[in-house]
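> Okay, so here is protein_18.txt, and as you'll see once you scroll down, it has compact mmCIF, C-alpha atoms.
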```
# COMPACT_ATOMS: atom_id res chain seq x y z
CA MET A 1 0.00 0.00 0.00
CA ALA A 2 1.22 3.50 -0.76
CA ARG A 3 2.75 5.45 2.06
CA ARG A 4 0.68 8.26 3.48
CA SER A 5 1.76 11.78 2.67
CA ASP A 6 3.08 13.96 5.48
CA ALA A 7 0.21 16.29 6.38
CA ARG A 8 2.72 19.08 7.06
CA ALA A 9 4.30 18.83 3.60
CA PRO A 10 2.99 20.71 0.55
CA ALA A 11 0.34 18.87 -1.46
CA LEU A 12 1.72 16.69 -4.22
CA PRO A 13 1.19 18.22 -7.69
CA ARG A 14 -1.43 16.85 -10.06
CA GLY A 15 -2.26 17.11 -13.76
CA ALA A 16 -0.37 19.64 -15.87
CA GLU A 17 1.33 21.00 -12.75
CA LYS A 18 2.81 17.56 -12.11
CA VAL A 19 4.13 17.32 -15.68
CA ARG A 20 5.91 20.65 -15.30
CA ALA A 21 7.23 19.81 -11.83
CA VAL A 22 8.57 16.39 -12.86
CA ARG A 23 10.25 17.73 -16.01
CA THR A 24 11.86 20.62 -14.13
CA MET A 25 12.99 18.37 -11.28
CA PHE A 26 14.65 15.78 -13.51
CA ASP A 27 16.28 18.45 -15.66
CA ALA A 28 17.83 19.81 -12.44
CA ILE A 29 19.06 16.51 -10.98
CA ALA A 30 20.24 14.91 -14.25
CA PRO A 31 23.99 15.68 -13.88
CA ARG A 32 24.32 13.73 -10.61
CA TYR A 33 21.33 11.39 -10.94
CA ASP A 34 23.39 8.22 -11.41
CA LEU A 35 25.73 9.06 -8.53
CA VAL A 36 22.86 9.62 -6.11
CA ASN A 37 21.14 6.40 -7.21
CA ARG A 38 24.27 4.34 -6.63
CA VAL A 39 24.93 5.89 -3.22
CA MET A 40 21.40 5.75 -1.83
CA THR A 41 20.76 2.15 -3.02
CA PHE A 42 24.31 0.91 -2.28
CA GLY A 43 24.49 -0.08 -5.95
CA LEU A 44 21.43 -2.34 -5.75
CA ASP A 45 19.65 -0.35 -8.46
CA VAL A 46 22.07 -1.83 -11.01
CA ARG A 47 21.15 -5.38 -9.94
CA TRP A 48 17.43 -4.52 -10.02
CA ARG A 49 17.61 -3.25 -13.60
CA ARG A 50 19.58 -6.30 -14.66
CA ALA A 51 16.95 -8.57 -13.12
CA ALA A 52 14.13 -6.68 -14.88
CA VAL A 53 15.83 -7.16 -18.26
CA ARG A 54 16.48 -10.85 -17.54
CA TRP A 55 12.85 -11.42 -16.55
CA LEU A 56 11.69 -9.70 -19.74
CA ARG A 57 12.48 -13.04 -21.43
CA LEU A 58 12.61 -11.74 -24.97
CA PRO A 59 14.84 -13.21 -27.69
CA PRO A 60 18.00 -11.34 -28.72
CA GLY A 61 17.39 -8.67 -31.31
CA SER A 62 14.03 -7.65 -29.83
CA VAL A 63 13.07 -3.98 -30.16
CA VAL A 64 12.40 -2.69 -26.64
CA LEU A 65 11.11 0.77 -25.81
CA ASP A 66 12.53 2.03 -22.51
CA VAL A 67 10.05 4.56 -21.13
CA ALA A 68 11.45 7.22 -18.80
CA ALA A 69 14.90 6.16 -19.98
CA GLY A 70 16.67 8.86 -17.98
CA THR A 71 20.42 8.57 -18.32
CA GLY A 72 20.18 5.25 -20.16
CA ASP A 73 20.80 2.69 -17.41
CA LEU A 74 18.14 0.28 -18.68
CA CYS A 75 19.09 0.93 -22.30
CA ARG A 76 22.63 -0.20 -21.51
CA GLU A 77 21.36 -3.37 -19.81
CA LEU A 78 19.06 -4.09 -22.75
CA THR A 79 21.95 -3.64 -25.20
CA ALA A 80 24.14 -5.96 -23.13
CA ALA A 81 21.37 -8.59 -23.30
CA GLY A 82 21.38 -8.39 -27.11
CA HIS A 83 18.23 -6.30 -27.53
CA ARG A 84 17.70 -3.14 -29.60
CA PRO A 85 16.51 -0.48 -27.15
CA VAL A 86 15.03 2.91 -27.89
CA GLY A 87 14.89 5.38 -24.99
CA LEU A 88 12.05 7.81 -24.34
CA ASP A 89 12.02 10.49 -21.65
CA LEU A 90 10.10 13.66 -20.83
CA SER A 91 13.24 15.43 -19.56
CA MET A 92 15.73 16.81 -22.08
CA GLY A 93 18.16 17.26 -19.20
CA MET A 94 18.14 13.54 -18.49
CA LEU A 95 18.55 12.65 -22.16
CA ALA A 96 21.44 15.11 -22.48
CA ALA A 97 23.18 13.33 -19.58
CA ALA A 98 22.50 9.85 -21.00
CA ARG A 99 25.35 7.40 -21.41
CA THR A 100 24.06 4.98 -24.03
CA ALA A 101 24.45 4.38 -27.74
CA ALA A 102 20.72 3.61 -28.07
CA PRO A 103 18.54 6.07 -30.00
CA LEU A 104 16.83 8.54 -27.64
CA VAL A 105 13.74 10.68 -28.08
CA GLN A 106 11.93 13.20 -25.93
CA GLY A 107 8.30 12.27 -25.51
CA ASP A 108 5.27 11.66 -23.34
CA ALA A 109 4.72 8.23 -21.78
CA LEU A 110 0.97 8.67 -22.29
CA ARG A 111 1.46 9.12 -26.07
CA LEU A 112 4.17 6.66 -27.04
CA PRO A 113 5.69 7.55 -30.45
CA VAL A 114 5.41 4.04 -31.88
CA PRO A 115 2.83 2.39 -34.17
CA ASP A 116 0.31 -0.14 -32.92
CA ALA A 117 2.06 -3.42 -32.00
CA GLY A 118 5.27 -1.68 -33.04
CA VAL A 119 7.66 -2.99 -30.35
CA ASP A 120 8.52 -6.37 -28.90
CA GLY A 121 8.72 -5.09 -25.35
CA VAL A 122 8.67 -2.13 -22.99
CA THR A 123 10.69 -1.43 -19.88
CA CYS A 124 10.26 1.38 -17.39
CA GLY A 125 12.46 2.09 -14.38
CA PHE A 126 11.23 3.89 -11.26
CA ALA A 127 8.84 6.18 -13.12
CA LEU A 128 5.29 4.93 -12.57
CA ARG A 129 4.81 7.33 -9.65
CA ASN A 130 5.96 10.24 -11.80
CA LEU A 131 3.28 9.74 -14.47
CA VAL A 132 0.18 11.93 -14.48
CA ALA A 133 -2.11 8.89 -14.77
CA LEU A 134 -1.46 5.15 -14.86
CA GLU A 135 -4.57 3.83 -16.66
CA PRO A 136 -3.76 5.73 -19.90
CA PHE A 137 -0.13 4.59 -19.67
CA VAL A 138 -1.17 0.95 -19.35
CA ALA A 139 -3.50 1.39 -22.32
CA GLU A 140 -0.57 2.77 -24.32
CA LEU A 141 1.52 -0.26 -23.37
CA ALA A 142 -1.22 -2.55 -24.64
CA ARG A 143 -1.39 -0.61 -27.90
CA ALA A 144 2.35 -0.41 -28.52
CA VAL A 145 3.45 -3.95 -27.58
CA ARG A 146 2.89 -6.70 -30.15
CA PRO A 147 0.85 -9.76 -29.18
CA GLY A 148 3.19 -12.05 -27.26
CA GLY A 149 5.50 -9.14 -26.43
CA ARG A 150 6.58 -8.46 -22.87
CA ILE A 151 6.76 -5.61 -20.36
CA ALA A 152 8.90 -5.17 -17.24
CA LEU A 153 8.05 -2.20 -15.03
CA LEU A 154 10.54 -1.60 -12.22
CA GLU A 155 9.44 0.49 -9.25
CA VAL A 156 10.04 1.05 -5.55
CA ALA A 157 7.92 -0.88 -3.05
CA GLU A 158 7.31 -1.29 0.66
CA PRO A 159 8.37 -4.51 2.43
CA THR A 160 5.54 -6.59 3.87
CA ASN A 161 7.63 -7.54 6.93
CA PRO A 162 6.77 -4.96 9.65
CA LEU A 163 10.35 -4.56 10.88
CA LEU A 164 11.76 -4.19 7.38
CA ARG A 165 8.95 -1.80 6.48
CA ALA A 166 9.68 0.40 9.49
CA GLY A 167 13.41 0.50 8.79
CA HIS A 168 12.88 1.14 5.12
CA GLY A 169 10.42 3.92 5.92
CA VAL A 170 12.99 5.71 8.06
CA TYR A 171 15.75 5.27 5.50
CA PHE A 172 13.68 6.22 2.45
CA GLY A 173 11.80 9.04 4.15
CA ARG A 174 14.61 10.61 6.16
CA VAL A 175 18.05 9.43 5.07
CA VAL A 176 17.52 9.53 1.29
CA PRO A 177 16.52 13.23 1.32
CA VAL A 178 19.70 14.02 3.25
CA ILE A 179 21.88 12.08 0.79
CA GLY A 180 20.12 13.70 -2.16
CA GLY A 181 20.43 17.13 -0.58
CA LEU A 182 24.16 16.75 -0.03
CA LEU A 183 24.92 15.40 -3.51
CA SER A 184 22.26 17.04 -5.64
CA ASP A 185 19.01 19.04 -5.30
CA PRO A 186 17.45 18.98 -1.78
CA ALA A 187 13.88 19.75 -2.94
CA ALA A 188 13.91 16.93 -5.49
CA TYR A 189 14.99 14.33 -2.97
CA ARG A 190 12.40 15.48 -0.47
CA TYR A 191 9.77 15.02 -3.18
CA LEU A 192 10.86 11.59 -4.43
CA PRO A 193 10.13 9.62 -1.22
CA ARG A 194 6.77 11.37 -0.93
CA SER A 195 5.92 10.49 -4.53
CA VAL A 196 5.36 6.85 -3.49
CA ALA A 197 1.92 8.08 -2.39
CA TYR A 198 0.99 8.25 -6.09
CA LEU A 199 1.28 4.47 -6.46
CA PRO A 200 -1.93 2.44 -6.17
CA PRO A 201 -1.86 -0.74 -4.05
CA PRO A 202 -0.22 -3.67 -5.88
CA PRO A 203 -3.50 -5.52 -6.56
CA ASP A 204 -4.84 -2.41 -8.28
CA LEU A 205 -1.72 -2.11 -10.45
CA LEU A 206 -2.03 -5.73 -11.52
CA ALA A 207 -5.76 -5.30 -12.19
CA MET A 208 -4.99 -2.38 -14.53
CA LEU A 209 -2.68 -4.61 -16.53
CA TRP A 210 -5.16 -7.49 -16.64
CA ARG A 211 -7.94 -5.21 -17.89
CA ALA A 212 -5.69 -3.75 -20.60
CA GLY A 213 -4.80 -7.12 -22.10
CA PHE A 214 -1.94 -8.50 -20.01
CA ALA A 215 -3.69 -11.54 -18.53
CA ASP A 216 -0.57 -13.08 -16.99
CA ALA A 217 0.55 -9.92 -15.14
CA ARG A 218 2.39 -10.63 -11.92
CA ARG A 219 4.66 -8.94 -9.44
CA ARG A 220 8.11 -9.97 -8.27
CA LEU A 221 9.75 -8.44 -5.22
CA LEU A 222 13.43 -7.57 -4.93
CA THR A 223 15.75 -7.21 -1.91
CA GLY A 224 13.23 -7.98 0.80
CA GLY A 225 10.44 -6.07 -0.92
CA ILE A 226 12.00 -2.61 -1.22
CA ALA A 227 11.66 -2.80 -5.01
CA GLN A 228 9.26 -4.57 -7.35
CA VAL A 229 8.98 -5.56 -10.99
CA LEU A 230 5.61 -5.85 -12.74
CA LEU A 231 5.93 -8.44 -15.51
CA ALA A 232 3.39 -9.30 -18.18
CA THR A 233 2.87 -10.67 -21.69
CA ARG A 234 0.62 -8.93 -24.21
CA ASP A 235 -2.35 -11.18 -24.91
CA PRO A 236 -2.52 -12.71 -28.42
CA LEU A 237 -5.05 -11.25 -30.79
CA PRO A 238 -8.34 -13.17 -31.01
CA PRO A 239 -8.63 -15.39 -34.09
CA ALA A 240 -10.35 -13.84 -37.08
CA SER A 241 -13.98 -14.83 -37.39
```
Output the file's structure as structure tokens, nothing else.

Amino acid sequence: MARRSDARAPALPRGAEKVRAVRTMFDAIAPRYDLVNRVMTFGLDVRWRRAAVRWLRLPPGSVVLDVAAGTGDLCRELTAAGHRPVGLDLSMGMLAAARTAAPLVQGDALRLPVPDAGVDGVTCGFALRNLVALEPFVAELARAVRPGGRIALLEVAEPTNPLLRAGHGVYFGRVVPVIGGLLSDPAAYRYLPRSVAYLPPPPDLLAMLWRAGFADARRRLLTGGIAQVLLATRDPLPPAS
């Protein structure tokens, strides 16, 4: 379940305001984004992305759209696995800081710049909570991924174990903003832990995928439940009548 917002903190942005806030924030933190990620996750974020690509289970040579590609971490993992990634991100600052040979394009996750059934797979790393709306995004995934294609959506999570959840809450809510403030932009890293409140409960996320045409959608937890990957296969088209 999503963490409750701090009643004393400013309200989280919505709609067009959220789009502007997210773009501005990621433009600002792009130069040191990778450094902060490695420090605050103790390098685990690299292992999580590698696992997401492995669980994608697509054959080499597959065309995979990486949504919210950022600085290209998932694109590099996809390339190493023999795939042909294309990165998409809202933030030009993040794309300018990218370290990948994959083609990159600025764009909106709710209007993916690909034809119907135009890609073999989609990945997305730690961005679901930064989208304006999840239902339209899931609908876009169903449109863009070919029948039999796969998706792997990597995101933060909360451990189910009460002790782990309490410790993780303190670290994510209090320590991460300090680390981010010292190494990058303090306001951004105060916002990011709070943005978990945007995420629906896991059953609701899976239900969105099922309704959109990903009947085998499931969730795998990483590192004691502090991260998650939503995995699914695009349903085959019904036979012609």
> May I ask which of the residues A:Leu182, A:Leu154, A:Val145, A:Leu163 is the closest one to Arg234 (chain A), counting all atoms listed in the file?
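When distances to Arg234 (chain A) are compared using all atoms listed in the file, the smallest one comes from A:Val145.
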> Can you work out which one of A:Thr24, A:Thr71, A:Thr223, A:Thr233 has the shortest atom-to-atom distance to Asp45 (chain A), counting all atoms listed in the file?
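Ranking A:Thr24, A:Thr71, A:Thr223, A:Thr233 by distance to Asp45 (chain A), first place goes to A:Thr223.
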> Please, what distance in Å, to one decimal, runs between CA of Asp34 (chain A) and CA of Arg165 (chain A)?
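Between CA of Asp34 (chain A) and CA of Arg165 (chain A) the gap is 25.1 Å.
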> Report the distance between CA of Arg32 (chain A) and CA of Leu78 (chain A) in Å, rounded to one decimal place.
22.2 Å
> Taking into account all atoms listed in the file, which residue in the set A:Val196, A:Val36, A:Leu74, A:Val178 is nearest to Ala152 (chain A)?
A:Leu74
> Take CA of Arg194 (chain A) and CA of Leu88 (chain A) and report the distance between them in Å, one decimal.
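Rounded to one decimal, the two atoms are 24.3 Å apart.
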> Could you pull out every residue with an atom within 9 Å of (-2.9, 1.9, -15.5), file coordinates, counting all atoms listed in the file, and send them as a PDB file with C-alpha atoms, in the coordinates of the input?

```pdb
ATOM      1  CA  ALA A 133      -2.110   8.890 -14.770  1.00  0.00           C
ATOM      2  CA  LEU A 134      -1.460   5.150 -14.860  1.00  0.00           C
ATOM      3  CA  GLU A 135      -4.570   3.830 -16.660  1.00  0.00           C
ATOM      4  CA  PRO A 136      -3.760   5.730 -19.900  1.00  0.00           C
ATOM      5  CA  PHE A 137      -0.130   4.590 -19.670  1.00  0.00           C
ATOM      6  CA  VAL A 138      -1.170   0.950 -19.350  1.00  0.00           C
ATOM      7  CA  ALA A 139      -3.500   1.390 -22.320  1.00  0.00           C
ATOM      8  CA  ASP A 204      -4.840  -2.410  -8.280  1.00  0.00           C
ATOM      9  CA  LEU A 205      -1.720  -2.110 -10.450  1.00  0.00           C
ATOM     10  CA  LEU A 206      -2.030  -5.730 -11.520  1.00  0.00           C
ATOM     11  CA  ALA A 207      -5.760  -5.300 -12.190  1.00  0.00           C
ATOM     12  CA  MET A 208      -4.990  -2.380 -14.530  1.00  0.00           C
ATOM     13  CA  LEU A 209      -2.680  -4.610 -16.530  1.00  0.00           C
ATOM     14  CA  ALA A 212      -5.690  -3.750 -20.600  1.00  0.00           C
TER      15      ALA A 212
END
```
> Go through A:Asp66, A:Ala102, A:Phe214, A:Val132 and flag the residue nearest Arg20 (chain A), using all atoms listed in the file for the distances.
A:Val132
> For Met92 (chain A), list every protein, DNA or RNA residue within 12 Å, evaluated using only C-alpha atoms, and leave out those in the same chain fewer than 5 positions away; present the list as a ChimeraX atom specification.
/A:22-31,68-71,87,97-98,104-108
> Taking all atoms of region 34-51 of chain A that the file lists and extending 3 Å past them on each side, where is the centre of the axis-aligned box and how long are its edges? Answer in Å to one decimal, as lines of an AutoDock Vina configuration file.

```
center_x = 21.3
center_y = 0.5
center_z = -8.2
size_x = 14.8
size_y = 24.2
size_z = 18.8
```
> Nearest to Arg84 (chain A) among A:Val119, A:Ala21, A:Leu231, A:Ala96, with distances taken over all atoms listed in the file: which residue is it?
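Comparing A:Val119, A:Ala21, A:Leu231, A:Ala96 against Arg84 (chain A), the winner is A:Val119.
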> Take the point (17.8, -2.7, -14.7) as written in the file and pick out every residue within 8 Å of it, counting only C-alpha atoms; give the list as a list of chain:residue names.
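Using only C-alpha atoms, the matching residues come out as A:Asp45, A:Val46, A:Arg47, A:Trp48, A:Arg49, A:Arg50, A:Ala51, A:Ala52, A:Val53, A:Asp73, A:Leu74, A:Glu77, A:Gly125, A:Leu154.
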> Considering all atoms listed in the file, can you say which of A:Leu192, A:Val39, A:Leu56, A:Ala227 comes closest to Arg150 (chain A)?
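With all atoms listed in the file as the atom set, the closest residue is A:Leu56.
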> For the structure just given, write the atoms of region 118-159 of chain A, namely N, CA and C atoms, as a PDB file, in the first residue's frame.

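Produced file selection_35.pdb, reproduced below:
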```pdb
ATOM      1  N   GLY A 118       4.032  -2.039 -32.369  1.00  0.00           N
ATOM      2  CA  GLY A 118       5.271  -1.678 -33.036  1.00  0.00           C
ATOM      3  C   GLY A 118       6.542  -2.100 -32.330  1.00  0.00           C
ATOM      4  N   VAL A 119       6.453  -2.586 -31.076  1.00  0.00           N
ATOM      5  CA  VAL A 119       7.659  -2.988 -30.354  1.00  0.00           C
ATOM      6  C   VAL A 119       7.451  -4.371 -29.748  1.00  0.00           C
ATOM      7  N   ASP A 120       8.573  -5.044 -29.508  1.00  0.00           N
ATOM      8  CA  ASP A 120       8.521  -6.374 -28.900  1.00  0.00           C
ATOM      9  C   ASP A 120       8.371  -6.311 -27.389  1.00  0.00           C
ATOM     10  N   GLY A 121       8.792  -5.207 -26.802  1.00  0.00           N
ATOM     11  CA  GLY A 121       8.715  -5.086 -25.349  1.00  0.00           C
ATOM     12  C   GLY A 121       8.859  -3.657 -24.893  1.00  0.00           C
ATOM     13  N   VAL A 122       8.516  -3.440 -23.632  1.00  0.00           N
ATOM     14  CA  VAL A 122       8.666  -2.132 -22.994  1.00  0.00           C
ATOM     15  C   VAL A 122       9.246  -2.337 -21.605  1.00  0.00           C
ATOM     16  N   THR A 123      10.201  -1.496 -21.262  1.00  0.00           N
ATOM     17  CA  THR A 123      10.688  -1.427 -19.883  1.00  0.00           C
ATOM     18  C   THR A 123      10.438  -0.026 -19.352  1.00  0.00           C
ATOM     19  N   CYS A 124      10.435   0.077 -18.039  1.00  0.00           N
ATOM     20  CA  CYS A 124      10.265   1.377 -17.387  1.00  0.00           C
ATOM     21  C   CYS A 124      10.871   1.260 -16.000  1.00  0.00           C
ATOM     22  N   GLY A 125      11.768   2.167 -15.658  1.00  0.00           N
ATOM     23  CA  GLY A 125      12.465   2.088 -14.384  1.00  0.00           C
ATOM     24  C   GLY A 125      12.144   3.238 -13.450  1.00  0.00           C
ATOM     25  N   PHE A 126      11.471   2.940 -12.351  1.00  0.00           N
ATOM     26  CA  PHE A 126      11.228   3.895 -11.259  1.00  0.00           C
ATOM     27  C   PHE A 126      10.520   5.160 -11.730  1.00  0.00           C
ATOM     28  N   ALA A 127       9.519   5.001 -12.580  1.00  0.00           N
ATOM     29  CA  ALA A 127       8.841   6.183 -13.119  1.00  0.00           C
ATOM     30  C   ALA A 127       7.330   6.136 -13.004  1.00  0.00           C
ATOM     31  N   LEU A 128       6.748   5.011 -12.610  1.00  0.00           N
ATOM     32  CA  LEU A 128       5.287   4.929 -12.570  1.00  0.00           C
ATOM     33  C   LEU A 128       4.695   6.027 -11.699  1.00  0.00           C
ATOM     34  N   ARG A 129       5.367   6.317 -10.571  1.00  0.00           N
ATOM     35  CA  ARG A 129       4.814   7.326  -9.655  1.00  0.00           C
ATOM     36  C   ARG A 129       4.994   8.743 -10.176  1.00  0.00           C
ATOM     37  N   ASN A 130       5.759   8.905 -11.236  1.00  0.00           N
ATOM     38  CA  ASN A 130       5.956  10.240 -11.805  1.00  0.00           C
ATOM     39  C   ASN A 130       5.030  10.523 -12.986  1.00  0.00           C
ATOM     40  N   LEU A 131       4.222   9.546 -13.375  1.00  0.00           N
ATOM     41  CA  LEU A 131       3.283   9.744 -14.471  1.00  0.00           C
ATOM     42  C   LEU A 131       2.034  10.452 -13.963  1.00  0.00           C
ATOM     43  N   VAL A 132       1.394  11.203 -14.853  1.00  0.00           N
ATOM     44  CA  VAL A 132       0.178  11.925 -14.477  1.00  0.00           C
ATOM     45  C   VAL A 132      -0.956  10.951 -14.183  1.00  0.00           C
ATOM     46  N   ALA A 133      -1.044   9.870 -14.959  1.00  0.00           N
ATOM     47  CA  ALA A 133      -2.110   8.886 -14.775  1.00  0.00           C
ATOM     48  C   ALA A 133      -1.601   7.526 -15.241  1.00  0.00           C
ATOM     49  N   LEU A 134      -1.968   6.473 -14.520  1.00  0.00           N
ATOM     50  CA  LEU A 134      -1.465   5.145 -14.858  1.00  0.00           C
ATOM     51  C   LEU A 134      -2.356   4.399 -15.841  1.00  0.00           C
ATOM     52  N   GLU A 135      -3.673   4.552 -15.750  1.00  0.00           N
ATOM     53  CA  GLU A 135      -4.567   3.830 -16.662  1.00  0.00           C
ATOM     54  C   GLU A 135      -4.254   4.153 -18.128  1.00  0.00           C
ATOM     55  N   PRO A 136      -4.104   5.443 -18.506  1.00  0.00           N
ATOM     56  CA  PRO A 136      -3.756   5.728 -19.905  1.00  0.00           C
ATOM     57  C   PRO A 136      -2.392   5.172 -20.306  1.00  0.00           C
ATOM     58  N   PHE A 137      -1.446   5.154 -19.367  1.00  0.00           N
ATOM     59  CA  PHE A 137      -0.131   4.593 -19.666  1.00  0.00           C
ATOM     60  C   PHE A 137      -0.237   3.103 -19.953  1.00  0.00           C
ATOM     61  N   VAL A 138      -0.994   2.394 -19.139  1.00  0.00           N
ATOM     62  CA  VAL A 138      -1.169   0.952 -19.350  1.00  0.00           C
ATOM     63  C   VAL A 138      -1.867   0.697 -20.682  1.00  0.00           C
ATOM     64  N   ALA A 139      -2.838   1.532 -21.025  1.00  0.00           N
ATOM     65  CA  ALA A 139      -3.503   1.394 -22.318  1.00  0.00           C
ATOM     66  C   ALA A 139      -2.513   1.596 -23.464  1.00  0.00           C
ATOM     67  N   GLU A 140      -1.597   2.545 -23.312  1.00  0.00           N
ATOM     68  CA  GLU A 140      -0.571   2.769 -24.322  1.00  0.00           C
ATOM     69  C   GLU A 140       0.368   1.567 -24.438  1.00  0.00           C
ATOM     70  N   LEU A 141       0.698   0.950 -23.316  1.00  0.00           N
ATOM     71  CA  LEU A 141       1.522  -0.256 -23.373  1.00  0.00           C
ATOM     72  C   LEU A 141       0.825  -1.334 -24.195  1.00  0.00           C
ATOM     73  N   ALA A 142      -0.468  -1.523 -23.924  1.00  0.00           N
ATOM     74  CA  ALA A 142      -1.223  -2.552 -24.641  1.00  0.00           C
ATOM     75  C   ALA A 142      -1.290  -2.249 -26.132  1.00  0.00           C
ATOM     76  N   ARG A 143      -1.354  -0.984 -26.481  1.00  0.00           N
ATOM     77  CA  ARG A 143      -1.393  -0.606 -27.898  1.00  0.00           C
ATOM     78  C   ARG A 143      -0.046  -0.816 -28.579  1.00  0.00           C
ATOM     79  N   ALA A 144       1.023  -0.453 -27.896  1.00  0.00           N
ATOM     80  CA  ALA A 144       2.346  -0.412 -28.521  1.00  0.00           C
ATOM     81  C   ALA A 144       3.033  -1.770 -28.602  1.00  0.00           C
ATOM     82  N   VAL A 145       2.746  -2.664 -27.646  1.00  0.00           N
ATOM     83  CA  VAL A 145       3.447  -3.951 -27.584  1.00  0.00           C
ATOM     84  C   VAL A 145       2.728  -4.974 -28.462  1.00  0.00           C
ATOM     85  N   ARG A 146       3.483  -5.682 -29.269  1.00  0.00           N
ATOM     86  CA  ARG A 146       2.892  -6.695 -30.154  1.00  0.00           C
ATOM     87  C   ARG A 146       2.313  -7.843 -29.326  1.00  0.00           C
ATOM     88  N   PRO A 147       1.331  -8.568 -29.866  1.00  0.00           N
ATOM     89  CA  PRO A 147       0.847  -9.764 -29.178  1.00  0.00           C
ATOM     90  C   PRO A 147       1.996 -10.732 -28.895  1.00  0.00           C
ATOM     91  N   GLY A 148       2.078 -11.191 -27.675  1.00  0.00           N
ATOM     92  CA  GLY A 148       3.189 -12.053 -27.262  1.00  0.00           C
ATOM     93  C   GLY A 148       4.397 -11.293 -26.778  1.00  0.00           C
ATOM     94  N   GLY A 149       4.404  -9.961 -26.941  1.00  0.00           N
ATOM     95  CA  GLY A 149       5.498  -9.138 -26.429  1.00  0.00           C
ATOM     96  C   GLY A 149       5.414  -9.017 -24.916  1.00  0.00           C
ATOM     97  N   ARG A 150       6.469  -8.448 -24.335  1.00  0.00           N
ATOM     98  CA  ARG A 150       6.582  -8.463 -22.872  1.00  0.00           C
ATOM     99  C   ARG A 150       6.843  -7.066 -22.333  1.00  0.00           C
ATOM    100  N   ILE A 151       6.448  -6.845 -21.076  1.00  0.00           N
ATOM    101  CA  ILE A 151       6.764  -5.613 -20.365  1.00  0.00           C
ATOM    102  C   ILE A 151       7.412  -5.946 -19.025  1.00  0.00           C
ATOM    103  N   ALA A 152       8.284  -5.066 -18.567  1.00  0.00           N
ATOM    104  CA  ALA A 152       8.904  -5.172 -17.243  1.00  0.00           C
ATOM    105  C   ALA A 152       8.966  -3.764 -16.668  1.00  0.00           C
ATOM    106  N   LEU A 153       8.162  -3.522 -15.639  1.00  0.00           N
ATOM    107  CA  LEU A 153       8.050  -2.198 -15.028  1.00  0.00           C
ATOM    108  C   LEU A 153       8.663  -2.251 -13.637  1.00  0.00           C
ATOM    109  N   LEU A 154       9.793  -1.599 -13.479  1.00  0.00           N
ATOM    110  CA  LEU A 154      10.542  -1.603 -12.220  1.00  0.00           C
ATOM    111  C   LEU A 154      10.143  -0.385 -11.396  1.00  0.00           C
ATOM    112  N   GLU A 155       9.883  -0.611 -10.107  1.00  0.00           N
ATOM    113  CA  GLU A 155       9.438   0.491  -9.255  1.00  0.00           C
ATOM    114  C   GLU A 155       9.825   0.201  -7.811  1.00  0.00           C
ATOM    115  N   VAL A 156       9.815   1.244  -6.978  1.00  0.00           N
ATOM    116  CA  VAL A 156      10.041   1.050  -5.555  1.00  0.00           C
ATOM    117  C   VAL A 156       8.836   0.329  -4.955  1.00  0.00           C
ATOM    118  N   ALA A 157       9.006  -0.188  -3.746  1.00  0.00           N
ATOM    119  CA  ALA A 157       7.921  -0.884  -3.049  1.00  0.00           C
ATOM    120  C   ALA A 157       8.144  -0.754  -1.550  1.00  0.00           C
ATOM    121  N   GLU A 158       7.185  -1.244  -0.795  1.00  0.00           N
ATOM    122  CA  GLU A 158       7.310  -1.287   0.660  1.00  0.00           C
ATOM    123  C   GLU A 158       7.345  -2.734   1.114  1.00  0.00           C
ATOM    124  N   PRO A 159       8.315  -3.121   1.941  1.00  0.00           N
ATOM    125  CA  PRO A 159       8.367  -4.506   2.428  1.00  0.00           C
ATOM    126  C   PRO A 159       7.096  -4.867   3.197  1.00  0.00           C
TER     127      PRO A 159
END
```
